[in-house]
Amino acid sequence: MFKDFFNRGSKKKKYVTVQDSKQNDVPSGIMTKCPKCKKIMYTKELSENLNVCFNCDHHLSLTAYKRIEAISDEGTFKEFDKGMTSANPLDFPGYEEKIQKDQSKTDLNEAVVTGTAELDGTKYGVAVMDSRFRMGSMGSVVGEKICRIIDYCTEQRLPFILFSASGGARMQEGIISLMQMGKTSVSLKRHSDAGLLYISYITHPTTGGVSASFASVGDINLSEPRALIGFAGRRVIEQTINEKLPDDFQTAEFLLEHGQLDKVVHRKDMRATLSQLLKMHTGQEVKKDA
């Protein structure tokens, strides 16, 4: 009876679990958030704007093929050494698995894409590093692919453009990775001795052995706005020299001010700038509004 008395008139609370409706789910890849200003944009519209944020003008990374598409006449790009992949010369534990994972994720065999293309009718050689693959690190295959396209450009007397984006030497390949610094520089020296143009186009980030070798020895050195460019990290340098570094240290603008770059180029001007430089080098007429 007492049980009935205390239960009388009481209502049992019902708790309803609300599940996410499929209609409210946003498919993966539809939207992209700017890493700088946090604005959320449609990925398709961002891609059409060459991955430059509409709100803060931040330059997000571009894939290698998207970059080549942006600076090439349609249908003119011919890729070299696409099937070349890394081995594990030092038997570094787990290295093959990491390579296979990046290959599956990026649809690339290595961290650089090389080949030839035409820009407004001018043929040139190109190498574009892709930071999605092992952070664009420089291993033996990256060095070999770059050397092969440089040597081809030397033989065919073509100008050469290289877009760098790298964390530096690939630690899993040790000294073999570091050897690529000298190897690529020798190929570039032969290209230079032949009187041919090499444009180094440095993008964010370019550090370590890449910044200390082929990325810094262009006949013309260009960069994108606010790109991180340097060898050692800020903290290491500050501890070594026991001084506080400027806030803009190791940015493209800082390097331009101190004479290590020739120009900082907005991505929307990338194609026109390169076209003008190639035409000047090959002796073609350059439009006044270029």
# chains A, B, ... in the order shown; residues from 1 in each chain; ligands from 1
>>> residues_around(residues="Lys145 (chain A)", least_positions_apart="4", cutoff="9 Å", atoms="only C-alpha atoms", output="NGL selection string")
:A and (80-81 or 84 or 112-114 or 127 or 140-141 or 149-150)
>>> select_by_dssp(residues="region 121-224 of chain A", states="helix (DSSP H, G or I)", output="ChimeraX atom specification")
/A:134-136,140-156,171-193,208-211,214-216
>>> residues_around(residues="region 252-266 of chain A", least_positions_apart="2", cutoff="8 Å", atoms="only C-alpha atoms", output="VMD selection string")
chain A and resid 220 to 229 248 to 250 268 to 270 273
>>> write_last_selection(atoms="all heavy atoms", output="short mmCIF file (atom, residue, chain, number, x, y, z; two decimals), in the first residue's frame")
data_model
loop_
_atom_site.label_atom_id
_atom_site.label_comp_id
_atom_site.auth_asym_id
_atom_site.auth_seq_id
_atom_site.Cartn_x
_atom_site.Cartn_y
_atom_site.Cartn_z
N ILE A 220 66.75 32.71 -60.26
CA ILE A 220 65.72 33.58 -59.70
C ILE A 220 65.03 32.81 -58.58
O ILE A 220 64.56 31.69 -58.79
CB ILE A 220 64.69 34.00 -60.76
CG1 ILE A 220 65.37 34.77 -61.89
CG2 ILE A 220 63.57 34.84 -60.14
CD1 ILE A 220 64.46 35.09 -63.07
N ASN A 221 65.01 33.39 -57.39
CA ASN A 221 64.38 32.75 -56.23
C ASN A 221 63.08 33.48 -55.89
O ASN A 221 63.10 34.65 -55.52
CB ASN A 221 65.32 32.78 -55.03
CG ASN A 221 66.55 31.91 -55.24
OD1 ASN A 221 66.46 30.83 -55.83
ND2 ASN A 221 67.69 32.36 -54.76
N LEU A 222 61.97 32.76 -56.02
CA LEU A 222 60.66 33.31 -55.71
C LEU A 222 60.07 32.58 -54.50
O LEU A 222 60.54 31.51 -54.12
CB LEU A 222 59.71 33.15 -56.90
CG LEU A 222 60.18 33.69 -58.25
CD1 LEU A 222 59.16 33.35 -59.34
CD2 LEU A 222 60.43 35.18 -58.19
N SER A 223 59.04 33.17 -53.91
CA SER A 223 58.36 32.51 -52.80
C SER A 223 56.91 32.99 -52.72
O SER A 223 56.55 34.02 -53.30
CB SER A 223 59.06 32.80 -51.47
OG SER A 223 58.40 32.14 -50.41
N GLU A 224 56.11 32.23 -52.00
CA GLU A 224 54.75 32.63 -51.73
C GLU A 224 54.69 33.42 -50.43
O GLU A 224 55.56 33.27 -49.56
CB GLU A 224 53.84 31.40 -51.65
CG GLU A 224 53.70 30.70 -52.98
CD GLU A 224 52.65 29.61 -52.98
OE1 GLU A 224 52.46 28.96 -51.94
OE2 GLU A 224 52.02 29.40 -54.04
N PRO A 225 53.68 34.27 -50.26
CA PRO A 225 53.58 35.11 -49.06
C PRO A 225 53.59 34.29 -47.76
O PRO A 225 52.96 33.25 -47.66
CB PRO A 225 52.23 35.82 -49.23
CG PRO A 225 52.00 35.84 -50.71
CD PRO A 225 52.59 34.56 -51.21
N ARG A 226 54.36 34.79 -46.80
CA ARG A 226 54.42 34.26 -45.45
C ARG A 226 54.89 32.81 -45.37
O ARG A 226 54.63 32.11 -44.37
CB ARG A 226 53.07 34.42 -44.74
CG ARG A 226 52.67 35.86 -44.55
CD ARG A 226 51.30 36.00 -43.90
NE ARG A 226 50.23 35.55 -44.77
CZ ARG A 226 49.69 36.28 -45.75
NH1 ARG A 226 50.14 37.51 -45.98
NH2 ARG A 226 48.72 35.82 -46.49
N ALA A 227 55.57 32.33 -46.39
CA ALA A 227 56.10 30.96 -46.36
C ALA A 227 57.21 30.86 -45.32
O ALA A 227 58.02 31.78 -45.16
CB ALA A 227 56.62 30.57 -47.73
N LEU A 228 57.27 29.74 -44.62
CA LEU A 228 58.36 29.46 -43.68
C LEU A 228 59.54 28.90 -44.45
O LEU A 228 59.42 27.88 -45.13
CB LEU A 228 57.90 28.46 -42.62
CG LEU A 228 58.99 27.91 -41.68
CD1 LEU A 228 59.56 29.02 -40.82
CD2 LEU A 228 58.43 26.79 -40.82
N ILE A 229 60.68 29.57 -44.34
CA ILE A 229 61.89 29.17 -45.06
C ILE A 229 63.07 29.24 -44.10
O ILE A 229 63.33 30.29 -43.50
CB ILE A 229 62.17 30.08 -46.27
CG1 ILE A 229 60.93 30.16 -47.18
CG2 ILE A 229 63.37 29.58 -47.06
CD1 ILE A 229 61.00 31.28 -48.22
N ASP A 248 59.14 38.01 -37.43
CA ASP A 248 58.97 37.56 -38.82
C ASP A 248 60.19 36.79 -39.32
O ASP A 248 60.32 36.55 -40.53
CB ASP A 248 58.69 38.75 -39.72
CG ASP A 248 59.86 39.75 -39.76
OD1 ASP A 248 60.76 39.66 -38.90
OD2 ASP A 248 59.87 40.62 -40.66
N PHE A 249 61.06 36.38 -38.43
CA PHE A 249 62.25 35.62 -38.81
C PHE A 249 61.86 34.35 -39.56
O PHE A 249 60.90 33.67 -39.20
CB PHE A 249 63.06 35.27 -37.56
CG PHE A 249 64.33 34.52 -37.83
CD1 PHE A 249 65.39 35.15 -38.46
CD2 PHE A 249 64.46 33.19 -37.45
CE1 PHE A 249 66.58 34.46 -38.70
CE2 PHE A 249 65.63 32.50 -37.69
CZ PHE A 249 66.69 33.13 -38.32
N GLN A 250 62.61 34.03 -40.63
CA GLN A 250 62.41 32.85 -41.46
C GLN A 250 61.10 32.89 -42.25
O GLN A 250 60.62 31.85 -42.71
CB GLN A 250 62.48 31.56 -40.63
CG GLN A 250 63.88 31.27 -40.11
CD GLN A 250 63.98 29.94 -39.39
OE1 GLN A 250 63.03 29.49 -38.76
NE2 GLN A 250 65.12 29.29 -39.47
N LYS A 268 47.86 34.04 -57.11
CA LYS A 268 47.05 34.44 -58.27
C LYS A 268 47.93 35.01 -59.38
O LYS A 268 47.52 35.06 -60.54
CB LYS A 268 45.99 35.45 -57.86
CG LYS A 268 46.55 36.81 -57.44
CD LYS A 268 45.44 37.77 -57.04
CE LYS A 268 46.00 39.14 -56.65
NZ LYS A 268 44.93 40.09 -56.26
N ASP A 269 49.15 35.46 -59.02
CA ASP A 269 50.08 36.01 -60.00
C ASP A 269 51.14 35.01 -60.43
O ASP A 269 52.03 35.35 -61.22
CB ASP A 269 50.77 37.26 -59.43
CG ASP A 269 49.79 38.35 -59.05
OD1 ASP A 269 48.81 38.55 -59.80
OD2 ASP A 269 49.98 39.01 -58.01
N MET A 270 51.07 33.81 -59.91
CA MET A 270 52.10 32.79 -60.15
C MET A 270 52.27 32.48 -61.63
O MET A 270 53.39 32.52 -62.17
CB MET A 270 51.74 31.52 -59.38
CG MET A 270 52.61 30.31 -59.66
SD MET A 270 52.12 28.90 -58.61
CE MET A 270 50.41 28.63 -59.16
N THR A 273 53.61 35.54 -63.71
CA THR A 273 55.01 35.84 -63.39
C THR A 273 55.95 34.84 -64.05
O THR A 273 56.96 35.22 -64.65
CB THR A 273 55.21 35.83 -61.86
OG1 THR A 273 54.39 36.83 -61.26
CG2 THR A 273 56.67 36.10 -61.50
#
>>> select_by_dssp(residues="region 84-267 of chain A", states="strand (DSSP E or B)", output="JSON, numbers by chain")
{"A": [112, 113, 114, 115, 116, 117, 118, 119, 122, 123, 124, 125, 126, 127, 128, 129, 138, 160, 161, 162, 163, 164, 165, 166, 169, 198, 199, 200, 201, 202, 203, 204, 205, 206, 207, 220, 221, 222, 223, 228, 229, 230, 251, 263, 264]}
>>> residues_around(residues="Met181 (chain A)", least_positions_apart="2", cutoff="9 Å", atoms="only C-alpha atoms", output="PyMOL selection string")
chain A and resi 138+143+169+177-179+183-186+209-210+212-214
>>> residues_around(residues="region 189-198 of chain A", least_positions_apart="2", cutoff="12 Å", atoms="only C-alpha atoms", output="PyMOL selection string")
chain A and resi 124-127+147-163+182-187+200-201+213-222+274+277-282
>>> write_last_selection(atoms="C-alpha atoms", output="JSON list (two decimals), in the first residue's frame")
[["chain", "number", "residue", "atom", "x", "y", "z"],
["A", 124, "TYR", "CA", 59.99, 23.93, -69.66],
["A", 125, "GLY", "CA", 60.95, 21.25, -67.13],
["A", 126, "VAL", "CA", 59.25, 21.15, -63.77],
["A", 127, "ALA", "CA", 59.54, 19.45, -60.37],
["A", 147, "CYS", "CA", 68.43, 15.11, -60.99],
["A", 148, "ARG", "CA", 66.90, 13.24, -63.92],
["A", 149, "ILE", "CA", 64.59, 16.08, -64.91],
["A", 150, "ILE", "CA", 67.39, 18.65, -64.51],
["A", 151, "ASP", "CA", 69.72, 16.57, -66.69],
["A", 152, "TYR", "CA", 66.99, 16.19, -69.30],
["A", 153, "CYS", "CA", 66.48, 19.96, -69.32],
["A", 154, "THR", "CA", 70.21, 20.45, -69.77],
["A", 155, "GLU", "CA", 70.32, 18.06, -72.74],
["A", 156, "GLN", "CA", 67.21, 19.57, -74.34],
["A", 157, "ARG", "CA", 68.20, 23.14, -73.40],
["A", 158, "LEU", "CA", 65.03, 23.82, -71.44],
["A", 159, "PRO", "CA", 64.45, 26.21, -68.55],
["A", 160, "PHE", "CA", 63.66, 24.48, -65.26],
["A", 161, "ILE", "CA", 61.23, 25.39, -62.46],
["A", 162, "LEU", "CA", 61.24, 23.68, -59.06],
["A", 163, "PHE", "CA", 58.60, 24.18, -56.38],
["A", 182, "GLY", "CA", 75.28, 17.65, -53.27],
["A", 183, "LYS", "CA", 73.89, 15.42, -56.01],
["A", 184, "THR", "CA", 71.12, 17.83, -57.04],
["A", 185, "SER", "CA", 73.44, 20.84, -56.75],
["A", 186, "VAL", "CA", 75.89, 19.25, -59.22],
["A", 187, "SER", "CA", 73.10, 18.71, -61.76],
["A", 200, "SER", "CA", 63.42, 28.14, -57.55],
["A", 201, "TYR", "CA", 59.90, 28.71, -56.25],
["A", 213, "SER", "CA", 70.62, 23.00, -51.27],
["A", 214, "PHE", "CA", 68.56, 23.15, -54.46],
["A", 215, "ALA", "CA", 65.85, 25.46, -53.07],
["A", 216, "SER", "CA", 68.31, 28.30, -52.47],
["A", 217, "VAL", "CA", 70.44, 28.32, -55.62],
["A", 218, "GLY", "CA", 68.02, 29.45, -58.30],
["A", 219, "ASP", "CA", 68.97, 32.03, -60.90],
["A", 220, "ILE", "CA", 65.72, 33.58, -59.70],
["A", 221, "ASN", "CA", 64.38, 32.75, -56.23],
["A", 222, "LEU", "CA", 60.66, 33.31, -55.71],
["A", 274, "LEU", "CA", 56.48, 32.54, -64.53],
["A", 277, "LEU", "CA", 60.23, 35.08, -66.90],
["A", 278, "LEU", "CA", 60.25, 32.17, -69.34],
["A", 279, "LYS", "CA", 59.54, 34.43, -72.31],
["A", 280, "MET", "CA", 62.28, 36.86, -71.27],
["A", 281, "HIS", "CA", 64.77, 33.98, -71.00],
["A", 282, "THR", "CA", 63.87, 32.50, -74.38]]
>>> residues_around(residues="Met41 (chain A)", least_positions_apart="6", cutoff="10 Å", atoms="only C-alpha atoms", output="MDAnalysis selection string")
chainID A and resid 30:34 53:55
>>> atom_distance(atom1="CA of Ser131 (chain A)", atom2="CA of Gln276 (chain A)")
27.1 Å
>>> atom_distance(atom1="CA of Asp73 (chain A)", atom2="CA of Gln284 (chain A)")
17.0 Å
